[in-house]
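This is data_28.cif. It holds mmCIF, C-alpha atoms and all ligand atoms.
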```
data_coords
loop_
_atom_site.label_atom_id
_atom_site.label_comp_id
_atom_site.auth_asym_id
_atom_site.auth_seq_id
_atom_site.Cartn_x
_atom_site.Cartn_y
_atom_site.Cartn_z
CA MET A 428 0.00 0.00 0.00
CA ASN A 429 1.29 3.45 -0.88
CA VAL A 430 0.01 6.36 1.21
CA HIS A 431 0.55 10.06 0.76
CA GLY A 432 2.50 10.94 3.86
CA PRO A 433 4.29 13.80 5.56
CA VAL A 434 7.76 12.62 4.53
CA PHE A 435 8.89 12.46 0.92
CA GLY A 436 9.56 8.73 0.90
CA MET A 437 9.85 6.01 3.51
CA GLU A 438 9.29 2.30 3.37
CA TYR A 439 7.80 -0.04 5.96
CA PRO A 440 6.73 -3.67 5.64
CA MET A 441 3.69 -3.71 3.31
CA ILE A 442 3.21 0.09 3.44
CA ALA A 443 5.11 3.04 1.99
CA PHE A 444 4.71 6.78 2.46
CA CYS A 445 5.40 9.03 -0.48
CA GLY A 446 5.24 12.83 -0.55
CA ALA A 447 5.04 15.22 -3.53
CA ARG A 448 1.91 17.26 -2.77
CA PRO A 449 0.25 19.44 -5.44
CA THR A 450 0.08 23.20 -4.84
CA PRO A 451 -3.13 24.42 -3.10
CA ASP A 452 -4.75 25.23 -6.47
CA GLY A 453 -4.19 21.65 -7.57
CA GLN A 454 -1.23 22.25 -9.90
CA VAL A 455 1.32 19.52 -10.43
CA SER A 456 4.49 20.55 -12.25
CA PRO A 457 6.22 17.98 -14.50
CA GLY A 458 9.11 17.88 -12.02
CA LEU A 459 6.78 17.16 -9.12
CA ALA A 460 4.95 14.46 -11.10
CA ARG A 461 8.28 12.84 -11.95
CA ALA A 462 9.41 13.01 -8.32
CA LEU A 463 6.22 11.19 -7.31
CA VAL A 464 6.72 8.51 -9.96
CA SER A 465 10.34 7.98 -8.88
CA VAL A 466 9.68 7.89 -5.16
CA THR A 467 6.68 5.56 -5.61
CA ILE A 468 8.73 3.13 -7.68
CA HIS A 469 11.48 3.31 -5.09
CA GLU A 470 9.45 2.86 -1.92
CA VAL A 471 7.21 0.15 -3.36
CA GLY A 472 10.38 -1.59 -4.54
CA HIS A 473 11.46 -1.89 -0.93
CA ASN A 474 8.68 -4.46 -0.47
CA TRP A 475 11.19 -6.88 -2.00
CA PHE A 476 14.50 -5.36 -0.95
CA PRO A 477 14.93 -5.43 2.04
CA MET A 478 11.48 -6.61 3.19
CA VAL A 479 11.80 -10.03 1.51
CA VAL A 480 15.54 -10.29 0.88
CA ALA A 481 16.23 -8.96 4.34
CA SER A 482 19.68 -7.42 4.25
CA ASP A 483 20.90 -5.41 7.23
CA GLU A 484 20.45 -1.80 6.16
CA ARG A 485 21.55 -0.42 9.51
CA LYS A 486 24.96 -1.85 8.80
CA TRP A 487 25.10 -1.88 4.98
CA THR A 488 22.85 0.76 3.50
CA TRP A 489 23.93 -0.08 -0.01
CA MET A 490 22.73 -3.68 0.24
CA ASP A 491 19.12 -2.65 -0.02
CA GLU A 492 19.30 0.91 -1.34
CA TRP A 493 21.54 0.09 -4.27
CA ILE A 494 19.57 -2.92 -5.42
CA ASN A 495 16.41 -0.92 -5.02
CA SER A 496 17.86 2.13 -6.81
CA PHE A 497 19.15 -0.19 -9.54
CA LEU A 498 15.70 -1.74 -10.01
CA GLN A 499 14.18 1.75 -9.85
CA TYR A 500 16.36 2.76 -12.80
CA TYR A 501 14.99 -0.08 -14.95
CA ALA A 502 11.41 0.52 -13.78
CA GLU A 503 11.76 4.18 -14.78
CA LYS A 504 12.99 3.15 -18.22
CA ASP A 505 10.04 0.80 -18.45
CA TRP A 506 7.70 3.65 -17.57
CA ASP A 507 9.29 5.97 -20.13
CA PRO A 508 12.40 5.05 -22.17
CA ALA A 509 13.44 8.72 -22.11
CA TYR A 510 13.00 9.03 -18.33
CA PRO A 511 15.72 11.31 -16.88
CA SER A 512 16.92 8.83 -14.24
CA GLN A 513 19.37 10.28 -11.74
CA ARG A 514 20.70 7.08 -10.25
CA GLY A 515 21.96 4.31 -12.52
CA PRO A 516 23.66 5.90 -15.54
CA ALA A 517 27.45 5.72 -15.20
CA LYS A 518 28.08 9.29 -16.27
CA ASN A 519 25.92 10.60 -13.42
CA ILE A 520 28.39 9.25 -10.86
CA VAL A 521 31.52 10.76 -12.45
CA GLY A 522 31.29 14.00 -10.45
CA TYR A 523 31.29 12.07 -7.18
CA MET A 524 34.05 9.69 -8.27
CA LYS A 525 36.32 12.69 -8.88
CA GLN A 526 36.06 13.88 -5.30
CA ASP A 527 38.60 13.24 -2.57
CA ALA A 528 36.02 13.14 0.20
CA GLN A 529 34.88 9.58 -0.36
CA VAL A 530 34.90 6.48 1.77
CA PRO A 531 34.74 2.96 0.33
CA LEU A 532 31.27 1.43 -0.03
CA MET A 533 32.41 -1.18 2.49
CA THR A 534 32.12 1.43 5.24
CA GLU A 535 29.40 0.65 7.75
CA SER A 536 26.46 3.03 7.51
CA ASN A 537 27.04 4.69 10.88
CA ASP A 538 30.54 5.69 9.80
CA ILE A 539 29.53 7.39 6.55
CA GLN A 540 29.81 11.03 7.54
CA THR A 541 29.18 12.80 4.23
CA GLN A 542 27.46 12.20 0.92
CA PHE A 543 25.24 9.46 2.25
CA GLY A 544 23.09 9.52 -0.90
CA ASN A 545 26.03 9.11 -3.26
CA ASN A 546 27.67 6.46 -1.12
CA GLY A 547 24.59 4.46 -0.15
CA TYR A 548 22.54 4.81 -3.33
CA SER A 549 24.12 6.38 -6.40
CA LYS A 550 27.58 4.86 -6.56
CA PRO A 551 26.48 1.29 -5.84
CA ALA A 552 23.52 1.63 -8.24
CA ALA A 553 25.79 2.89 -11.03
CA GLY A 554 28.18 0.02 -10.26
CA LEU A 555 25.43 -2.55 -10.50
CA VAL A 556 24.23 -1.16 -13.85
CA MET A 557 27.84 -1.29 -15.07
CA LEU A 558 28.27 -4.84 -13.79
CA ARG A 559 25.08 -5.90 -15.56
CA GLU A 560 25.43 -4.08 -18.86
CA GLN A 561 29.20 -3.85 -19.37
CA VAL A 562 30.97 -6.48 -17.29
CA LEU A 563 28.73 -9.57 -17.28
CA GLY A 564 26.04 -8.83 -19.84
CA ASP A 565 22.31 -8.68 -19.19
CA SER A 566 21.36 -12.35 -19.39
CA LEU A 567 24.23 -13.67 -17.27
CA PHE A 568 23.71 -10.99 -14.64
CA ASP A 569 19.95 -11.45 -14.52
CA GLU A 570 20.30 -15.16 -13.99
CA ALA A 571 22.77 -14.63 -11.16
CA PHE A 572 20.69 -11.87 -9.61
CA ARG A 573 17.56 -14.05 -9.71
CA GLU A 574 19.49 -16.80 -7.99
CA TYR A 575 20.70 -14.42 -5.28
CA SER A 576 17.16 -13.16 -4.69
CA HIS A 577 15.67 -16.65 -4.44
CA LYS A 578 18.43 -18.06 -2.32
CA TRP A 579 18.30 -15.23 0.18
CA MET A 580 14.61 -14.44 0.48
CA PHE A 581 13.45 -14.36 4.10
CA LYS A 582 17.08 -14.61 5.13
CA HIS A 583 19.71 -12.06 6.06
CA PRO A 584 22.47 -11.82 3.47
CA GLN A 585 25.75 -10.06 4.18
CA PRO A 586 27.94 -8.44 1.51
CA ALA A 587 30.00 -11.59 0.93
CA ASP A 588 26.78 -13.55 0.34
CA PHE A 589 25.86 -11.17 -2.45
CA PHE A 590 29.33 -11.23 -4.01
CA ARG A 591 29.47 -15.03 -3.86
CA SER A 592 25.94 -15.50 -5.20
CA ILE A 593 26.61 -13.35 -8.25
CA GLU A 594 29.89 -15.14 -8.95
CA ASP A 595 28.26 -18.56 -8.53
CA GLY A 596 25.30 -17.62 -10.69
CA ALA A 597 27.36 -16.02 -13.44
CA GLY A 598 30.17 -18.55 -13.32
CA GLU A 599 32.78 -15.81 -13.35
CA GLN A 600 35.28 -14.51 -10.87
CA LEU A 601 34.57 -10.89 -10.11
CA ASN A 602 37.00 -10.21 -7.30
CA HIS A 603 38.60 -7.38 -9.31
CA PHE A 604 35.22 -5.67 -9.53
CA TRP A 605 34.22 -6.11 -5.89
CA ARG A 606 37.66 -5.04 -4.73
CA GLY A 607 37.78 -1.92 -6.87
CA TRP A 608 34.23 -0.69 -6.61
CA PHE A 609 33.52 -1.65 -3.00
CA TYR A 610 36.77 -1.73 -1.05
CA THR A 611 38.55 1.28 -2.58
CA THR A 612 37.68 4.77 -3.74
CA TYR A 613 39.54 4.32 -7.02
CA ALA A 614 37.96 5.81 -10.10
CA ASN A 615 38.13 4.74 -13.72
CA ASP A 616 40.50 6.69 -15.94
CA GLN A 617 41.49 4.94 -19.14
CA GLY A 618 43.61 6.96 -21.53
CA ILE A 619 45.17 6.57 -24.97
CA ALA A 620 48.95 6.86 -24.58
CA SER A 621 49.84 6.37 -28.24
CA VAL A 622 48.73 4.93 -31.57
CA GLU A 623 51.50 3.38 -33.66
CA THR A 624 51.37 1.82 -37.11
CA GLN A 625 53.59 -0.37 -39.23
CA PRO A 626 53.13 -2.10 -42.60
CA GLY A 627 51.44 -5.47 -42.13
CA ASP A 628 54.02 -7.35 -44.21
CA SER A 629 56.85 -6.09 -41.99
CA LEU A 630 55.25 -8.04 -39.18
CA LEU A 631 53.81 -11.17 -40.81
CA GLY A 632 55.18 -11.19 -44.33
CA ALA A 633 53.33 -11.33 -47.63
CA SER A 634 50.10 -12.65 -46.11
CA ARG A 635 49.50 -9.21 -44.64
CA ALA A 636 50.73 -7.16 -47.60
CA GLY A 637 48.57 -4.11 -48.21
CA GLU A 638 47.41 -4.02 -44.59
CA THR A 639 48.47 -1.83 -41.70
CA TYR A 640 49.07 -3.06 -38.20
CA TYR A 641 47.78 -0.68 -35.53
CA ARG A 642 48.94 -0.75 -31.94
CA ILE A 643 46.87 1.33 -29.54
CA LYS A 644 48.52 1.74 -26.18
CA ILE A 645 46.00 2.25 -23.41
CA GLU A 646 46.88 3.23 -19.89
CA ASN A 647 44.80 2.45 -16.84
CA LYS A 648 45.37 5.47 -14.64
CA GLY A 649 42.41 5.36 -12.29
CA GLY A 650 42.95 2.07 -10.47
CA LEU A 651 39.67 0.34 -11.32
CA VAL A 652 39.83 -2.72 -13.54
CA LEU A 653 37.04 -2.38 -16.09
CA PRO A 654 36.31 -3.55 -19.62
CA LEU A 655 37.46 -1.52 -22.60
CA GLN A 656 35.29 0.00 -25.30
CA ILE A 657 37.23 1.38 -28.24
CA GLU A 658 35.49 3.21 -31.05
CA LEU A 659 37.48 3.21 -34.30
CA THR A 660 36.65 5.62 -37.12
CA TYR A 661 38.06 4.81 -40.56
CA ASP A 662 38.85 7.05 -43.50
CA ASP A 663 35.78 5.81 -45.35
CA GLY A 664 33.67 7.25 -42.53
CA SER A 665 32.69 3.90 -41.07
CA LYS A 666 32.87 3.25 -37.34
CA GLU A 667 33.50 0.12 -35.33
CA LEU A 668 33.03 -0.42 -31.59
CA VAL A 669 35.47 -2.92 -30.14
CA LYS A 670 34.45 -4.32 -26.76
CA LEU A 671 37.06 -6.11 -24.68
CA PRO A 672 36.48 -7.73 -21.27
CA ALA A 673 38.24 -6.66 -18.07
CA ASP A 674 40.43 -9.75 -18.51
CA VAL A 675 42.69 -7.73 -20.82
CA TRP A 676 44.24 -6.25 -17.66
CA ARG A 677 45.03 -9.66 -16.19
CA ARG A 678 48.75 -9.63 -16.98
CA ASN A 679 49.37 -5.94 -16.57
CA GLU A 680 46.76 -3.78 -14.96
CA LEU A 681 48.47 -0.50 -15.90
CA VAL A 682 49.07 -0.81 -19.65
CA PHE A 683 47.36 -2.73 -22.42
CA ASN A 684 48.21 -2.74 -26.12
CA TYR A 685 45.37 -3.42 -28.50
CA GLY A 686 46.70 -4.55 -31.88
CA PHE A 687 44.89 -5.31 -35.13
CA PHE A 688 45.37 -5.42 -38.91
CA THR A 689 43.26 -3.40 -41.32
CA LYS A 690 43.27 -2.42 -44.98
CA LYS A 691 41.76 0.92 -44.06
CA THR A 692 43.21 3.97 -42.34
CA VAL A 693 42.10 4.81 -38.82
CA THR A 694 41.35 8.51 -38.44
CA GLN A 695 40.08 8.57 -34.86
CA VAL A 696 40.07 6.42 -31.72
CA VAL A 697 37.74 7.11 -28.78
CA LEU A 698 37.65 5.23 -25.48
CA ASP A 699 34.31 4.69 -23.78
CA PRO A 700 32.44 6.66 -26.48
CA LYS A 701 29.04 6.03 -24.91
CA GLU A 702 30.17 7.10 -21.43
CA VAL A 703 29.09 3.87 -19.80
CA LEU A 704 32.25 3.24 -17.74
CA ALA A 705 32.32 6.39 -15.58
CA ASP A 706 35.67 7.60 -16.91
CA VAL A 707 36.62 10.60 -14.78
CA ASP A 708 38.99 12.24 -17.27
CA ARG A 709 37.83 12.28 -20.85
CA THR A 710 40.60 14.59 -22.04
CA ASN A 711 42.81 11.53 -22.71
CA ASN A 712 40.08 9.42 -24.31
CA THR A 713 40.40 10.62 -27.90
CA TRP A 714 43.17 10.25 -30.47
CA VAL A 715 42.90 11.92 -33.87
CA LYS A 716 45.17 11.04 -36.75
CA PRO A 717 47.54 13.94 -37.31
CA ASN A 718 46.80 15.98 -40.43
CA THR A 719 43.35 14.52 -40.77
CA ILE A 720 41.22 16.97 -42.70
CA SER A 721 37.67 16.81 -41.49
ZN ZN A 801 15.25 3.43 -0.27
#
```
How does this structure look as structure tokens?
Ligand SMILES: [Zn+2]
Amino acid sequence: MNVHGPVFGMEYPMIAFCGARPTPDGQVSPGLARALVSVTIHEVGHNWFPMVVASDERKWTWMDEWINSFLQYYAEKDWDPAYPSQRGPAKNIVGYMKQDAQVPLMTESNDIQTQFGNNGYSKPAAGLVMLREQVLGDSLFDEAFREYSHKWMFKHPQPADFFRSIEDGAGEQLNHFWRGWFYTTYANDQGIASVETQPGDSLLGASRAGETYYRIKIENKGGLVLPLQIELTYDDGSKELVKLPADVWRRNELVFNYGFFTKKTVTQVVLDPKEVLADVDRTNNTWVKPNTIS
């Protein structure tokens, strides 16, 4: 049950209170209407997290608020694909990730002194969207998340139970992701250090004659270990988006060289072109071929 209450939004078992009152003449601005939609989705969502999957929010705010904010993001998109969601999109957390005054998500709720909303809701929600859409992929994540929810309903999961459930369900080790996103305040800053070329046949002989070998040197300056998305633009105007898993950093988590052969000429390289990896410094994300006339 959702009741119009004196506070903007608060959940209780089987009842939620949501604010957003029209002005005395009955007017409801678009912003107010949206606030009511968002808060209703959010508070009703708490019927499941933490009321059914009963995590300890006194100790770990993020364990129910992030999952709920994450589900709120998808419910908002369901309501309206163009919905201006605040929590969920990676680029909305960049401003916070740039700040020094952060504590790791694995800080117990009572010890979070500042930016409770960003720490308890926004950063973990953005991380979960990233884990689903960029690290694991929708279907693998959803299966693992469903398994976590079933396994832990009417029980009291702790952070490690969540981490383990997702790894078990997805069949992938994610310790790099948990460590980076939850135990540190590292940000993501991937940058293009250089783009080198050499004739293909100088590398592999006649079989590659007429092709160019490109070597894109990418530096990982932020500390987080995340997948790579590299957008290549060729001289014929075509574009290609190369997606590489976080495993590329397995041998060397500071530098990775992406090499490939092509018969075309690359005119531009952009890292994270869709801004889905919360890169905090985009000034080093673009390389343009010198003397390219556009
Ligand atoms: Zn909440």
request  = Using all atoms listed in the file, find the one residue out of A:Ile468, A:Val430, A:Ile645, A:Ala587 that sits nearest to ligand ZN 801 (chain A).
outcome  =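 Checking each of A:Ile468, A:Val430, A:Ile645, A:Ala587 against ligand ZN 801 (chain A), counting all atoms listed in the file, the winner is A:Ile468.
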Notebook entry, point to check: When distances are computed from all atoms listed in the file, which of A:Asp616, A:Glu623, A:Glu484, A:Glu667 shows the smallest separation from Trp714 in chain A?
Noted result: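 Residue with the minimum atom-to-atom distance to Trp714 in chain A: A:Glu623.
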inquiry  = 12 Å from ligand ZN 801 (chain A) is the threshold here; counting only C-alpha atoms and all ligand atoms, which polymer residues fall inside it? Answer as a ChimeraX atom specification.
reply    = /A:435-439,443-445,465-478,484,488-499,514,543-544,547-549,552
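Atom pair CA of Ala597 in chain A / CA of Leu567 in chain A: separated by 5.5 Å.
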Self-check item: Between CA of Lys644 in chain A and CA of Asp565 in chain A, distance in Å (one decimal)
Solution: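 Interatomic distance here is 29.1 Å.
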Could you check the closest approach to Leu532 in chain A for each of A:Pro551, A:Pro516, A:Gly458, A:Gly627 and tell me which residue wins, using all atoms listed in the file?
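Of A:Pro551, A:Pro516, A:Gly458, A:Gly627, the one nearest Leu532 in chain A, counting all atoms listed in the file, is A:Pro551.
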Closest of A:Leu563, A:Asn537, A:Gly649, A:Gly632 to Glu599 in chain A, counting only C-alpha atoms, is A:Leu563
Inset, instruction - Find the residues near Ala553 in chain A: any atom within 6 Å, counting all atoms listed in the file, skip ones fewer than 3 places away on the same chain, and give them as a ChimeraX atom specification. - result: /A:515-517,550,556
Would you mind exporting the chosen residues as a PDB file, in the frame of the given file, restricted to C-alpha atoms?
```pdb
ATOM      1  CA  GLY A 515      21.960   4.310 -12.520  1.00  0.00           C
ATOM      2  CA  PRO A 516      23.660   5.900 -15.540  1.00  0.00           C
ATOM      3  CA  ALA A 517      27.450   5.720 -15.200  1.00  0.00           C
ATOM      4  CA  LYS A 550      27.580   4.860  -6.560  1.00  0.00           C
ATOM      5  CA  VAL A 556      24.230  -1.160 -13.850  1.00  0.00           C
TER       6      VAL A 556
END
```
request  = To one decimal in Å, tell me the separation between CA of Ser665 in chain A and CA of Asn647 in chain A.
outcome  =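 Computing the Euclidean distance for CA of Ser665 in chain A and CA of Asn647 in chain A yields 27.1 Å.
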Minimum-distance residue to Met524 in chain A, chosen among A:Met580, A:Gly650, A:Pro451, A:Tyr685 (using only C-alpha atoms):
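Among A:Met580, A:Gly650, A:Pro451, A:Tyr685, it is A:Gly650 that comes nearest to Met524 in chain A.
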